[in-house]
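Containing TSV, C-alpha atoms: input.tsv.
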```
chain	number	residue	atom	x	y	z
N	1346	MET	CA	-19.35	-20.77	9.08
N	1347	PHE	CA	-18.33	-17.11	9.12
N	1348	GLU	CA	-20.20	-13.95	8.28
N	1349	GLN	CA	-19.18	-12.06	5.18
N	1350	ASP	CA	-19.46	-8.50	6.41
N	1351	LYS	CA	-17.26	-8.71	9.50
N	1352	PRO	CA	-13.51	-9.29	9.58
N	1353	ILE	CA	-12.79	-12.96	10.21
N	1354	TYR	CA	-10.18	-12.27	12.88
N	1355	LEU	CA	-12.86	-10.50	14.95
N	1356	GLN	CA	-15.14	-13.47	14.57
N	1357	ILE	CA	-12.38	-15.83	15.70
N	1358	ARG	CA	-11.81	-13.63	18.70
N	1359	GLU	CA	-15.50	-13.54	19.53
N	1360	ARG	CA	-15.77	-17.30	19.37
N	1361	ILE	CA	-13.01	-17.70	21.92
N	1362	GLU	CA	-14.68	-15.03	24.05
N	1363	ASP	CA	-17.99	-16.89	23.76
N	1364	GLN	CA	-16.38	-20.04	25.06
N	1365	ILE	CA	-14.99	-18.18	28.03
N	1366	VAL	CA	-18.28	-16.44	28.76
N	1367	ASP	CA	-20.17	-19.77	28.45
N	1368	ASN	CA	-17.68	-21.39	30.83
N	1369	GLN	CA	-16.67	-23.94	28.21
N	1370	LEU	CA	-13.18	-22.56	28.63
N	1371	LYS	CA	-12.50	-21.88	32.27
N	1372	GLU	CA	-10.04	-19.48	33.79
N	1373	GLY	CA	-6.61	-21.04	34.15
N	1374	GLU	CA	-7.38	-23.61	31.48
N	1375	GLN	CA	-5.38	-24.00	28.30
N	1376	ALA	CA	-6.95	-22.34	25.27
N	1377	PRO	CA	-6.77	-24.02	21.84
N	1378	SER	CA	-3.49	-23.34	20.02
N	1379	THR	CA	-3.37	-21.27	16.86
N	1380	THR	CA	-2.60	-24.41	14.87
N	1381	GLN	CA	-5.63	-26.17	16.33
N	1382	LEU	CA	-7.81	-23.18	15.44
N	1383	VAL	CA	-6.37	-23.04	11.91
N	1384	ASN	CA	-7.08	-26.73	11.42
N	1385	PHE	CA	-10.56	-26.47	12.89
N	1386	TYR	CA	-11.84	-23.38	11.12
N	1387	LYS	CA	-9.62	-23.67	8.01
N	1388	ILE	CA	-8.76	-20.04	8.42
N	1389	ASN	CA	-5.30	-18.74	7.64
N	1390	HIS	CA	-2.72	-18.65	10.39
N	1391	ALA	CA	-2.17	-14.90	10.02
N	1392	THR	CA	-5.88	-14.23	10.45
N	1393	VAL	CA	-6.23	-16.50	13.47
N	1394	SER	CA	-3.12	-15.02	15.11
N	1395	LYS	CA	-4.48	-11.52	14.68
N	1396	GLY	CA	-7.63	-12.39	16.63
N	1397	VAL	CA	-5.80	-14.38	19.29
N	1398	ASN	CA	-3.11	-11.75	19.74
N	1399	GLN	CA	-5.72	-9.13	20.52
N	1400	LEU	CA	-6.96	-11.29	23.37
N	1401	VAL	CA	-3.39	-11.69	24.58
N	1402	GLU	CA	-2.77	-7.94	24.40
N	1403	GLU	CA	-5.92	-7.28	26.39
N	1404	GLY	CA	-4.89	-9.82	29.01
N	1405	ILE	CA	-7.80	-12.19	28.39
N	1406	LEU	CA	-5.37	-14.90	27.37
N	1407	PHE	CA	-1.75	-15.20	28.39
N	1408	LYS	CA	1.10	-17.13	26.85
N	1409	ARG	CA	3.38	-19.58	28.58
N	1410	ARG	CA	6.48	-20.00	26.51
N	1411	GLY	CA	6.72	-23.40	24.93
N	1412	ILE	CA	3.47	-24.61	26.46
N	1413	GLY	CA	0.65	-22.59	25.00
N	1414	MET	CA	-2.04	-20.07	25.82
N	1415	PHE	CA	-4.18	-19.97	28.91
N	1416	VAL	CA	-7.29	-18.13	30.06
N	1417	ALA	CA	-6.36	-15.37	32.49
N	1418	GLU	CA	-7.77	-14.97	35.96
N	1419	GLY	CA	-10.79	-12.64	35.90
N	1420	ALA	CA	-11.13	-12.96	32.11
N	1421	ARG	CA	-14.77	-14.03	32.19
N	1422	GLU	CA	-15.91	-11.18	34.38
N	1423	ARG	CA	-14.09	-8.63	32.23
N	1424	LEU	CA	-15.59	-10.01	29.04
N	1425	ILE	CA	-19.07	-9.92	30.52
N	1426	GLN	CA	-18.55	-6.34	31.65
N	1427	ASN	CA	-17.29	-5.35	28.17
N	1428	ARG	CA	-20.28	-6.96	26.56
N	1429	LYS	CA	-22.71	-5.28	28.93
N	1430	ASP	CA	-21.09	-1.96	28.06
N	1431	THR	CA	-21.70	-2.52	24.36
N	1432	PHE	CA	-25.06	-4.30	24.72
N	1433	LEU	CA	-27.02	-1.10	24.16
N	1434	GLU	CA	-25.39	-0.16	20.87
N	1435	ASN	CA	-24.86	-3.70	19.60
N	1436	PHE	CA	-28.32	-5.04	20.26
N	1437	VAL	CA	-30.84	-2.60	21.71
N	1438	VAL	CA	-30.39	0.24	19.20
N	1439	GLY	CA	-31.02	-2.04	16.21
N	1440	LEU	CA	-33.97	-3.67	17.94
N	1441	VAL	CA	-35.65	-0.36	18.71
N	1442	GLN	CA	-34.96	1.05	15.23
N	1443	GLU	CA	-36.50	-1.97	13.55
N	1444	ALA	CA	-39.47	-1.91	15.93
N	1445	ASN	CA	-40.08	1.74	15.10
N	1446	LYS	CA	-39.83	1.00	11.39
N	1447	LEU	CA	-42.49	-1.67	11.71
N	1448	GLY	CA	-44.69	0.41	14.02
N	1449	ILE	CA	-44.37	-2.02	16.92
N	1450	THR	CA	-45.50	-0.24	20.08
N	1451	ASP	CA	-43.45	-0.24	23.29
N	1452	GLN	CA	-46.03	-2.47	24.93
N	1453	GLU	CA	-45.83	-4.97	22.07
N	1454	LEU	CA	-42.05	-4.87	22.21
N	1455	PHE	CA	-42.04	-5.65	25.94
N	1456	GLU	CA	-44.47	-8.51	25.36
N	1457	LEU	CA	-42.23	-9.91	22.63
N	1458	ILE	CA	-39.18	-9.72	24.86
N	1459	LYS	CA	-41.02	-11.44	27.69
N	1460	LYS	CA	-42.27	-14.17	25.36
N	1461	CYS	CA	-38.78	-14.63	23.99
N	1462	LYS	CA	-37.23	-14.83	27.44
N	1463	GLY	CA	-39.73	-17.50	28.41
N	1464	SER	CA	-38.74	-19.71	25.51
N	1465	VAL	CA	-34.95	-19.25	25.58
D	1014	MET	CA	18.01	-21.07	5.21
D	1015	ARG	CA	18.00	-18.50	2.49
D	1016	ILE	CA	17.01	-19.03	-1.11
D	1017	GLU	CA	17.84	-16.33	-3.63
D	1018	VAL	CA	16.66	-16.39	-7.19
D	1019	ASN	CA	18.11	-13.62	-9.34
D	1020	ASN	CA	16.93	-12.77	-12.86
D	1021	VAL	CA	16.40	-16.41	-13.67
D	1022	SER	CA	15.15	-17.49	-17.08
D	1023	VAL	CA	14.67	-20.95	-18.50
D	1024	LYS	CA	14.36	-21.32	-22.24
D	1025	PHE	CA	13.07	-24.40	-24.03
D	1026	LYS	CA	13.95	-24.10	-27.74
D	1027	ASN	CA	12.18	-20.86	-28.67
D	1028	ARG	CA	9.91	-20.57	-25.70
D	1029	TYR	CA	10.59	-19.11	-22.29
D	1030	ALA	CA	9.31	-21.38	-19.51
D	1031	LEU	CA	10.49	-18.81	-16.98
D	1032	LYS	CA	11.33	-15.23	-17.69
D	1033	ASP	CA	13.52	-13.01	-15.54
D	1034	ILE	CA	12.33	-14.21	-12.16
D	1035	THR	CA	13.71	-12.67	-8.97
D	1036	PHE	CA	12.69	-13.40	-5.39
D	1037	THR	CA	14.04	-14.30	-1.96
D	1038	ILE	CA	12.68	-16.86	0.45
D	1039	ASN	CA	14.29	-16.83	3.87
D	1040	GLU	CA	11.76	-17.48	6.61
D	1041	ASN	CA	10.47	-20.68	8.12
D	1042	LYS	CA	7.03	-20.31	6.68
D	1043	ILE	CA	4.67	-22.07	4.32
D	1044	TYR	CA	4.91	-20.47	0.90
D	1045	GLY	CA	2.16	-21.12	-1.64
D	1046	LEU	CA	3.33	-21.10	-5.24
D	1047	LEU	CA	0.24	-20.54	-7.34
D	1048	GLY	CA	-0.06	-20.73	-11.06
D	1049	ARG	CA	-2.24	-22.18	-13.75
D	1050	ASN	CA	-1.29	-25.33	-15.61
D	1051	GLY	CA	1.87	-24.66	-17.61
D	1052	ALA	CA	2.63	-21.41	-15.79
D	1053	GLY	CA	6.12	-22.62	-14.89
D	1054	LYS	CA	5.63	-23.82	-11.29
D	1055	THR	CA	7.36	-27.16	-11.71
D	1056	THR	CA	10.18	-25.66	-13.78
D	1057	LEU	CA	10.80	-23.12	-11.04
D	1058	LEU	CA	10.73	-25.68	-8.25
D	1059	SER	CA	12.99	-28.10	-10.10
D	1060	LEU	CA	15.58	-25.31	-10.28
D	1061	LEU	CA	15.50	-25.00	-6.50
D	1062	ALA	CA	15.83	-28.76	-6.19
D	1063	SER	CA	18.74	-28.51	-8.67
D	1064	PHE	CA	17.15	-30.92	-11.11
D	1065	ARG	CA	18.04	-28.39	-13.79
D	1066	GLU	CA	20.08	-25.25	-14.33
D	1067	PRO	CA	18.70	-21.89	-15.42
D	1068	SER	CA	19.43	-20.71	-18.97
D	1069	SER	CA	20.43	-17.38	-17.46
D	1070	GLY	CA	20.44	-15.75	-14.03
D	1071	SER	CA	21.51	-17.35	-10.78
D	1072	ILE	CA	20.16	-19.29	-7.84
D	1073	SER	CA	21.77	-19.61	-4.46
D	1074	ILE	CA	20.81	-21.49	-1.32
D	1075	GLU	CA	22.71	-20.40	1.78
D	1076	GLY	CA	25.01	-18.54	-0.58
D	1077	GLU	CA	25.91	-21.61	-2.62
D	1078	ASP	CA	24.97	-22.75	-6.09
D	1079	PRO	CA	22.67	-25.74	-5.55
D	1080	PHE	CA	23.39	-27.40	-8.90
D	1081	GLU	CA	25.20	-30.73	-8.38
D	1082	ASN	CA	25.83	-29.71	-4.79
D	1083	ALA	CA	25.20	-32.96	-2.91
D	1084	LYS	CA	25.98	-31.53	0.51
D	1085	LEU	CA	23.44	-28.75	0.10
D	1086	MET	CA	20.84	-31.05	-1.41
D	1087	GLN	CA	20.62	-33.07	1.82
D	1088	HIS	CA	18.81	-30.04	3.18
D	1089	VAL	CA	16.41	-29.71	0.28
D	1090	ASN	CA	13.65	-32.20	-0.34
D	1091	PHE	CA	11.59	-32.09	-3.51
D	1092	VAL	CA	8.35	-34.00	-3.09
D	1093	PHE	CA	6.24	-34.77	-6.10
D	1094	ASN	CA	3.59	-37.31	-6.88
D	1095	LYS	CA	6.02	-40.07	-7.71
D	1096	ASP	CA	4.89	-43.03	-9.79
D	1097	TYR	CA	5.77	-46.22	-7.90
D	1098	LYS	CA	4.45	-48.58	-10.59
D	1099	ASP	CA	7.83	-50.33	-10.91
D	1100	GLU	CA	8.64	-50.35	-7.20
D	1101	THR	CA	8.73	-53.90	-5.91
D	1102	ASP	CA	10.00	-52.91	-2.47
D	1103	ASN	CA	7.58	-52.50	0.40
D	1104	LEU	CA	7.09	-49.39	2.51
D	1105	LYS	CA	9.23	-50.61	5.38
D	1106	ASN	CA	12.33	-51.05	3.20
D	1107	THR	CA	11.62	-47.85	1.30
D	1108	LEU	CA	11.57	-45.86	4.54
D	1109	GLU	CA	14.73	-47.50	5.79
D	1110	ASN	CA	16.44	-46.45	2.57
D	1111	VAL	CA	15.23	-42.88	2.91
D	1112	ASN	CA	16.38	-42.83	6.52
D	1113	ARG	CA	19.93	-43.51	5.32
D	1114	TYR	CA	20.31	-40.39	3.20
D	1115	ARG	CA	17.92	-37.94	4.89
D	1116	PRO	CA	19.75	-36.54	7.93
D	1117	TYR	CA	16.62	-35.22	9.71
D	1118	PHE	CA	14.35	-38.19	8.99
D	1119	ASP	CA	12.07	-39.05	11.92
D	1120	PHE	CA	11.03	-42.69	11.83
D	1121	ASP	CA	8.45	-42.43	14.62
D	1122	TYR	CA	6.77	-39.56	12.87
D	1123	ALA	CA	6.78	-41.53	9.58
D	1124	ASN	CA	5.04	-44.39	11.38
D	1125	HIS	CA	2.48	-41.99	12.77
D	1126	LEU	CA	1.75	-40.70	9.26
D	1127	ILE	CA	1.50	-44.21	7.87
D	1128	GLN	CA	-1.15	-44.98	10.42
D	1129	ARG	CA	-3.05	-41.82	9.62
D	1130	PHE	CA	-2.93	-42.57	5.90
D	1131	LYS	CA	-3.67	-46.26	6.58
D	1132	LEU	CA	-0.79	-47.49	4.45
D	1133	PRO	CA	0.26	-51.15	4.56
D	1134	MET	CA	3.90	-51.70	5.54
D	1135	ASP	CA	4.60	-54.99	3.80
D	1136	LYS	CA	2.96	-54.73	0.37
D	1137	PRO	CA	5.08	-53.81	-2.67
D	1138	LEU	CA	4.52	-50.14	-3.50
D	1139	LYS	CA	3.56	-50.96	-7.09
D	1140	GLN	CA	0.34	-52.49	-5.74
D	1141	PHE	CA	-0.63	-49.23	-4.04
D	1142	SER	CA	-3.48	-47.15	-5.47
D	1143	LYS	CA	-2.61	-43.71	-6.88
D	1144	GLY	CA	-3.89	-42.03	-3.74
D	1145	MET	CA	-1.79	-44.31	-1.54
D	1146	GLN	CA	1.29	-43.64	-3.66
D	1147	SER	CA	0.72	-39.92	-3.15
D	1148	ALA	CA	0.47	-40.54	0.58
D	1149	VAL	CA	3.82	-42.36	0.47
D	1150	SER	CA	5.47	-39.34	-1.20
D	1151	VAL	CA	3.92	-36.98	1.33
D	1152	THR	CA	4.90	-39.19	4.27
D	1153	ILE	CA	8.51	-39.24	3.12
D	1154	GLY	CA	8.39	-35.51	2.46
D	1155	LEU	CA	7.05	-34.59	5.88
D	1156	ALA	CA	9.07	-37.09	7.90
D	1157	SER	CA	12.32	-36.06	6.19
D	1158	ARG	CA	11.95	-32.67	7.90
D	1159	ALA	CA	14.33	-31.10	5.40
D	1160	PRO	CA	14.97	-27.41	6.18
D	1161	ILE	CA	13.68	-26.69	2.68
D	1162	THR	CA	10.78	-28.91	1.73
D	1163	ILE	CA	9.09	-28.50	-1.62
D	1164	PHE	CA	5.73	-30.09	-2.39
D	1165	ASP	CA	5.06	-29.95	-6.10
D	1166	GLU	CA	1.35	-30.74	-6.36
D	1167	ALA	CA	2.22	-33.71	-4.20
D	1168	TYR	CA	-1.41	-34.21	-3.24
D	1169	ASN	CA	-2.29	-35.28	-6.79
D	1170	GLY	CA	-4.16	-38.55	-6.67
D	1171	MET	CA	-5.27	-38.12	-3.06
D	1172	ASP	CA	-8.99	-37.90	-2.43
D	1173	ALA	CA	-10.41	-35.00	-0.43
D	1174	PRO	CA	-10.40	-36.70	3.02
D	1175	THR	CA	-6.78	-37.80	2.53
D	1176	ARG	CA	-5.73	-34.30	1.46
D	1177	GLU	CA	-7.33	-33.03	4.63
D	1178	ILE	CA	-5.14	-35.36	6.72
D	1179	PHE	CA	-2.12	-34.07	4.81
D	1180	TYR	CA	-3.01	-30.43	5.55
D	1181	GLN	CA	-3.59	-31.15	9.25
D	1182	GLU	CA	-0.34	-32.99	9.67
D	1183	LEU	CA	1.54	-30.34	7.73
D	1184	LEU	CA	0.29	-27.53	9.96
D	1185	GLU	CA	0.92	-29.45	13.16
D	1186	ASP	CA	4.40	-30.54	12.21
D	1187	GLN	CA	5.26	-27.08	10.93
D	1188	SER	CA	4.30	-25.55	14.27
D	1189	GLU	CA	6.66	-27.92	16.07
D	1190	HIS	CA	9.45	-28.09	13.51
D	1191	PRO	CA	9.32	-24.86	11.53
D	1192	ARG	CA	11.08	-24.96	8.16
D	1193	ILE	CA	10.78	-23.48	4.71
D	1194	ILE	CA	7.91	-25.21	2.97
D	1195	ILE	CA	7.03	-24.36	-0.60
D	1196	MET	CA	3.83	-25.82	-2.00
D	1197	SER	CA	2.75	-25.46	-5.56
D	1198	THR	CA	-0.92	-25.82	-6.30
D	1199	HIS	CA	-3.85	-24.71	-8.33
D	1200	LEU	CA	-6.32	-25.89	-5.68
D	1201	VAL	CA	-6.28	-22.40	-4.26
D	1202	SER	CA	-9.61	-22.23	-2.45
D	1203	GLU	CA	-8.99	-25.53	-0.72
D	1204	MET	CA	-5.48	-24.70	0.47
D	1205	ASP	CA	-5.45	-20.94	0.99
D	1206	TYR	CA	-5.55	-21.18	4.79
D	1207	LEU	CA	-2.25	-23.04	4.79
D	1208	PHE	CA	-0.11	-20.29	3.28
D	1209	ASP	CA	1.81	-17.66	5.20
D	1210	GLU	CA	3.08	-16.11	2.00
D	1211	VAL	CA	2.01	-16.40	-1.61
D	1212	LEU	CA	3.88	-16.29	-4.91
D	1213	ILE	CA	1.87	-16.19	-8.11
D	1214	VAL	CA	3.43	-17.11	-11.44
D	1215	ASN	CA	1.76	-16.57	-14.76
D	1216	ILE	CA	3.10	-17.50	-18.19
D	1217	GLY	CA	6.64	-17.83	-16.85
D	1218	GLU	CA	6.65	-14.56	-14.94
D	1219	LEU	CA	6.37	-13.79	-11.25
D	1220	VAL	CA	3.21	-11.74	-10.81
D	1221	LEU	CA	3.60	-11.13	-7.08
D	1222	GLN	CA	5.12	-12.29	-3.81
D	1223	GLU	CA	3.27	-11.15	-0.75
D	1224	GLU	CA	2.14	-12.20	2.71
D	1225	TYR	CA	-1.26	-13.85	2.66
D	1226	GLU	CA	-2.87	-11.40	5.04
D	1227	SER	CA	-1.75	-8.25	3.24
D	1228	LEU	CA	-2.58	-9.78	-0.13
D	1229	VAL	CA	-6.19	-10.57	0.69
D	1230	THR	CA	-6.73	-7.25	2.41
D	1231	LYS	CA	-5.61	-5.53	-0.80
D	1232	GLY	CA	-8.49	-6.88	-2.80
D	1233	ALA	CA	-12.06	-5.75	-2.36
D	1234	SER	CA	-15.33	-5.98	-4.17
D	1235	ILE	CA	-17.41	-2.83	-4.57
D	1236	THR	CA	-21.09	-3.43	-5.14
D	1237	GLY	CA	-23.98	-1.05	-5.71
D	1238	PRO	CA	-25.85	0.94	-8.35
D	1239	ALA	CA	-23.86	0.83	-11.60
D	1240	GLU	CA	-23.10	4.53	-12.01
D	1241	ASP	CA	-22.06	5.01	-8.36
D	1242	VAL	CA	-19.77	2.00	-8.57
D	1243	ASP	CA	-18.30	3.24	-11.86
D	1244	SER	CA	-17.47	6.66	-10.51
D	1245	PHE	CA	-15.99	5.18	-7.33
D	1246	VAL	CA	-13.67	2.68	-9.01
D	1247	GLN	CA	-12.76	4.95	-11.94
D	1248	SER	CA	-9.11	5.45	-11.03
D	1249	MET	CA	-8.59	2.07	-9.38
D	1250	ASN	CA	-6.98	-1.11	-10.59
D	1251	GLN	CA	-9.98	-3.18	-11.67
D	1252	LEU	CA	-9.75	-6.93	-11.91
D	1253	ASN	CA	-13.23	-8.01	-12.82
D	1254	THR	CA	-16.71	-6.63	-13.35
D	1255	LYS	CA	-20.06	-8.32	-12.91
D	1256	GLN	CA	-23.44	-6.79	-13.52
D	1257	LEU	CA	-26.99	-7.90	-12.77
D	1258	GLY	CA	-29.63	-5.39	-13.87
D	1259	ASN	CA	-28.47	-2.08	-12.48
D	1260	THR	CA	-26.38	-3.65	-9.71
D	1261	LYS	CA	-22.72	-3.72	-10.49
D	1262	SER	CA	-19.90	-5.42	-8.64
D	1263	VAL	CA	-16.31	-4.52	-9.42
D	1264	MET	CA	-13.31	-6.31	-7.97
D	1265	ILE	CA	-10.44	-3.98	-7.28
D	1266	TYR	CA	-6.83	-4.64	-6.37
D	1267	GLY	CA	-4.99	-2.08	-4.27
D	1268	GLU	CA	-5.25	-0.86	-0.72
D	1269	LEU	CA	-8.38	1.15	0.11
D	1270	SER	CA	-7.74	4.01	2.51
D	1271	ASP	CA	-10.06	4.56	5.45
D	1272	ALA	CA	-11.31	7.70	3.75
D	1273	GLU	CA	-12.14	5.73	0.62
D	1274	ARG	CA	-13.96	3.10	2.66
D	1275	LYS	CA	-15.99	5.78	4.39
D	1276	ALA	CA	-16.73	7.46	1.06
D	1277	ALA	CA	-17.98	4.17	-0.33
D	1278	GLN	CA	-20.22	3.62	2.67
D	1279	ALA	CA	-21.56	7.16	2.47
D	1280	LYS	CA	-22.58	6.48	-1.12
D	1281	GLY	CA	-24.31	3.29	-0.01
D	1282	LEU	CA	-21.80	1.05	-1.74
D	1283	GLU	CA	-21.00	-2.32	-0.24
D	1284	VAL	CA	-17.32	-3.07	0.28
D	1285	GLY	CA	-16.74	-6.81	0.58
D	1286	PRO	CA	-13.67	-9.01	0.96
D	1287	ILE	CA	-12.38	-11.14	-1.89
D	1288	SER	CA	-10.74	-14.51	-1.57
D	1289	LEU	CA	-7.29	-15.58	-2.64
D	1290	GLN	CA	-8.96	-17.84	-5.21
D	1291	GLU	CA	-10.72	-14.87	-6.82
D	1292	LEU	CA	-7.55	-12.80	-6.81
D	1293	PHE	CA	-5.64	-15.69	-8.32
D	1294	ILE	CA	-8.18	-16.24	-11.09
D	1295	HIS	CA	-8.31	-12.61	-12.12
D	1296	LEU	CA	-4.59	-11.95	-11.81
D	1297	THR	CA	-3.76	-14.87	-14.07
D	1298	GLU	CA	-6.49	-14.71	-16.69
D	1299	GLY	CA	-6.48	-13.02	-20.05
D	1300	GLU	CA	-3.85	-12.44	-22.74
D	1301	GLU	CA	-3.13	-15.90	-24.01
```
What does the file become when written as structure tokens?
Amino acid sequence: MFEQDKPIYLQIRERIEDQIVDNQLKEGEQAPSTTQLVNFYKINHATVSKGVNQLVEEGILFKRRGIGMFVAEGARERLIQNRKDTFLENFVVGLVQEANKLGITDQELFELIKKCKGSV
Amino acid sequence: MRIEVNNVSVKFKNRYALKDITFTINENKIYGLLGRNGAGKTTLLSLLASFREPSSGSISIEGEDPFENAKLMQHVNFVFNKDYKDETDNLKNTLENVNRYRPYFDFDYANHLIQRFKLPMDKPLKQFSKGMQSAVSVTIGLASRAPITIFDEAYNGMDAPTREIFYQELLEDQSEHPRIIIMSTHLVSEMDYLFDEVLIVNIGELVLQEEYESLVTKGASITGPAEDVDSFVQSMNQLNTKQLGNTKSVMIYGELSDAERKAAQAKGLEVGPISLQELFIHLTEGEE
């Protein structure tokens, strides 16, 4: 379920982020508790907490004592902005490098992207 | 609650079952006690439950000697896979009995567990299957909510789906009613996500006590061309070596600095995580 070459706590964090970005978890709604995440992913409490706590520190989630964690106001927009900021280095650089390696021309690359967009 | 074990040894005739063991447990966490068969897990736990006395050294719980200390023992629950083959009582009466001498027993929660484990209330326990008998022990153990709860391979006899229910309930109840939980096991890969802290015993000795997170981040596997791997791991604590053709993978134990990680990457070596199971296997193998 998890990739080998990336710290698990980051992957936990990204999954929660994904749910917020996809609107599965809406702003103001209660996020799954650490115990629920531990039980679901079978990942150690310490690891899950590390990922979740980062989101709390960054104000994406906030804690209500004794009740649980909730998605902060404006969380989705901030996550989308963060991801746009890193889109170039996370996705485009690798894509272009691989295309160059394989000798795919710019025109071919555009065509591929267009084709892909049509089918997603 | 605070458990202190100081220089404890247990000697059976000429053999040491436990040798000079010292540790402290004082947080409401789930502790995993890992060891191979015969490593001394049950001997150690039965000392904490005051089923026996150490041959030398001392044990204290909340500053008191637990041996024959009935008042203290109300707060300690030792759960093992009890054999109910002679038990003619049914579950209902059994739970009512437990309720009488377990001050924190929660009957509603016990009923909830019974439903989850699908246990019949009115059949004599001796008619229960092994897995169901295990579930009875676990139900009593969880619902007793003792501030120190010890599960000594209590899952024995349960099938995989039933163990899964046990783990779920354990984590949920622990988050609502935190207490000291000590679980012995050799099913490390299946249970590793449950533990906040890990103690490993091997041949009667305590090999380590460490928080799960820092323990697993201490181990790493270094993979790459044999001679590059060899020169990189030269001065490190090596646990295990595997080789396929010219590709070598060495498991190391000990914190890697950022500089070392970068150096490994610069050489094209792959630095991967290792699991608690792998650490456990390689820390407890050998010299027998």
Go through chain D and flag each residue having an atom no more than 9 Å from chain N; for those, report the closest pair of atoms plus their distance in Å to one decimal, using only C-alpha atoms, ordered by chain and rising number, as a tab-separated table.
```
residue	atom	partner	partner_atom	distance
D:Tyr1180	CA	N:Asn1384	CA	8.0
D:Gln1181	CA	N:Asn1384	CA	6.0
D:Leu1184	CA	N:Thr1380	CA	6.5
D:Glu1185	CA	N:Thr1380	CA	6.4
D:Ser1188	CA	N:Thr1380	CA	7.0
D:Glu1203	CA	N:Lys1387	CA	8.9
D:Met1204	CA	N:Lys1387	CA	8.7
D:Asp1205	CA	N:Asn1389	CA	7.0
D:Tyr1206	CA	N:Asn1389	CA	3.8
D:Leu1207	CA	N:Asn1389	CA	6.0
D:Phe1208	CA	N:Asn1389	CA	7.0
D:Asp1209	CA	N:Ala1391	CA	6.8
D:Glu1224	CA	N:Ala1391	CA	8.9
D:Tyr1225	CA	N:Ala1391	CA	7.5
D:Glu1226	CA	N:Ala1391	CA	6.1
D:Val1284	CA	N:Asp1350	CA	8.5
D:Gly1285	CA	N:Asp1350	CA	6.7
D:Pro1286	CA	N:Gln1349	CA	7.6
```
Which of N:Glu1434, N:Asp1367, N:Glu1362, N:Glu1418 sits closest to Gln1399 of chain N [using all atoms listed in the file]: N:Glu1362
Atom CA of Glu1210 of chain D to atom CA of Phe1036 of chain D, distance in Å rounded to a single decimal: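 Value for the atom CA of Glu1210 of chain D-atom CA of Phe1036 of chain D distance: 12.4 Å.
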Neighbour residues at most 12 Å from (-0.6, -16.8, 29.1) (all atoms listed in the file) as a list of chain:residue names: N:Glu1372, N:Gly1373, N:Glu1374, N:Gln1375, N:Ala1376, N:Pro1377, N:Ser1378, N:Val1397, N:Asn1398, N:Leu1400, N:Val1401, N:Glu1402, N:Glu1403, N:Gly1404, N:Ile1405, N:Leu1406, N:Phe1407, N:Lys1408, N:Arg1409, N:Arg1410, N:Gly1411, N:Ile1412, N:Gly1413, N:Met1414, N:Phe1415, N:Val1416, N:Ala1417, N:Glu1418, N:Ala1420
Selection: 6 Å around segment 1236-1238 of chain D, all atoms listed in the file, excl. self and same-chain fewer than 2 positions, as an MDAnalysis selection string: chainID D and resid 1240:1242 1259:1262 1282:1283
Shell around Gln1247 of chain D at 12 Å using all atoms listed in the file, local window under 6 positions removed, as a ChimeraX atom specification: /D:1235,1239-1241,1263-1265
For atom CA of Pro1067 of chain D and atom CA of Lys1024 of chain D, the interatomic separation in Å (one decimal):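 About the pair atom CA of Pro1067 of chain D and atom CA of Lys1024 of chain D: they are 8.1 Å apart.
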Atom pair atom CA of Ala1148 of chain D / atom CA of Ile1163 of chain D: separation (Å):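 Spanning atom CA of Ala1148 of chain D to atom CA of Ile1163 of chain D is a straight-line distance of 15.0 Å.
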Which of D:Lys1280, D:Lys1231, D:Lys1275, D:Lys1054 sits closest to Ser1244 of chain D [using all atoms listed in the file]: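 Nearest candidate to Ser1244 of chain D out of D:Lys1280, D:Lys1231, D:Lys1275, D:Lys1054: D:Lys1280.
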Residues near Glu1223 of chain D, cut-off 10 Å, all atoms listed in the file, skip fewer than 4 positions along chain, as a list in words: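 With the cut-off at 10 Å, the set is Tyr1044, Asp1209, Glu1210, Val1211, Leu1212, Ile1213, Ser1227, Leu1228 and Val1229 of chain D.
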Excluding Asp1078 of chain D and residues on its chain fewer than 3 positions from it, collect all residues at most 12 Å away from it, counting only C-alpha atoms, and give them as a short mmCIF file (atom, residue, chain, number, x, y, z; two decimals) with C-alpha atoms, keeping the file's coordinate frame.
```cif
data_model
loop_
_atom_site.label_atom_id
_atom_site.label_comp_id
_atom_site.auth_asym_id
_atom_site.auth_seq_id
_atom_site.Cartn_x
_atom_site.Cartn_y
_atom_site.Cartn_z
CA ARG D 1015 18.00 -18.50 2.49
CA ILE D 1016 17.01 -19.03 -1.11
CA GLU D 1017 17.84 -16.33 -3.63
CA VAL D 1018 16.66 -16.39 -7.19
CA ASN D 1019 18.11 -13.62 -9.34
CA LEU D 1060 15.58 -25.31 -10.28
CA LEU D 1061 15.50 -25.00 -6.50
CA ALA D 1062 15.83 -28.76 -6.19
CA SER D 1063 18.74 -28.51 -8.67
CA ARG D 1065 18.04 -28.39 -13.79
CA GLU D 1066 20.08 -25.25 -14.33
CA PRO D 1067 18.70 -21.89 -15.42
CA GLY D 1070 20.44 -15.75 -14.03
CA SER D 1071 21.51 -17.35 -10.78
CA ILE D 1072 20.16 -19.29 -7.84
CA SER D 1073 21.77 -19.61 -4.46
CA ILE D 1074 20.81 -21.49 -1.32
CA GLU D 1075 22.71 -20.40 1.78
CA GLU D 1081 25.20 -30.73 -8.38
CA ASN D 1082 25.83 -29.71 -4.79
CA ALA D 1083 25.20 -32.96 -2.91
CA LYS D 1084 25.98 -31.53 0.51
CA LEU D 1085 23.44 -28.75 0.10
CA MET D 1086 20.84 -31.05 -1.41
#
```
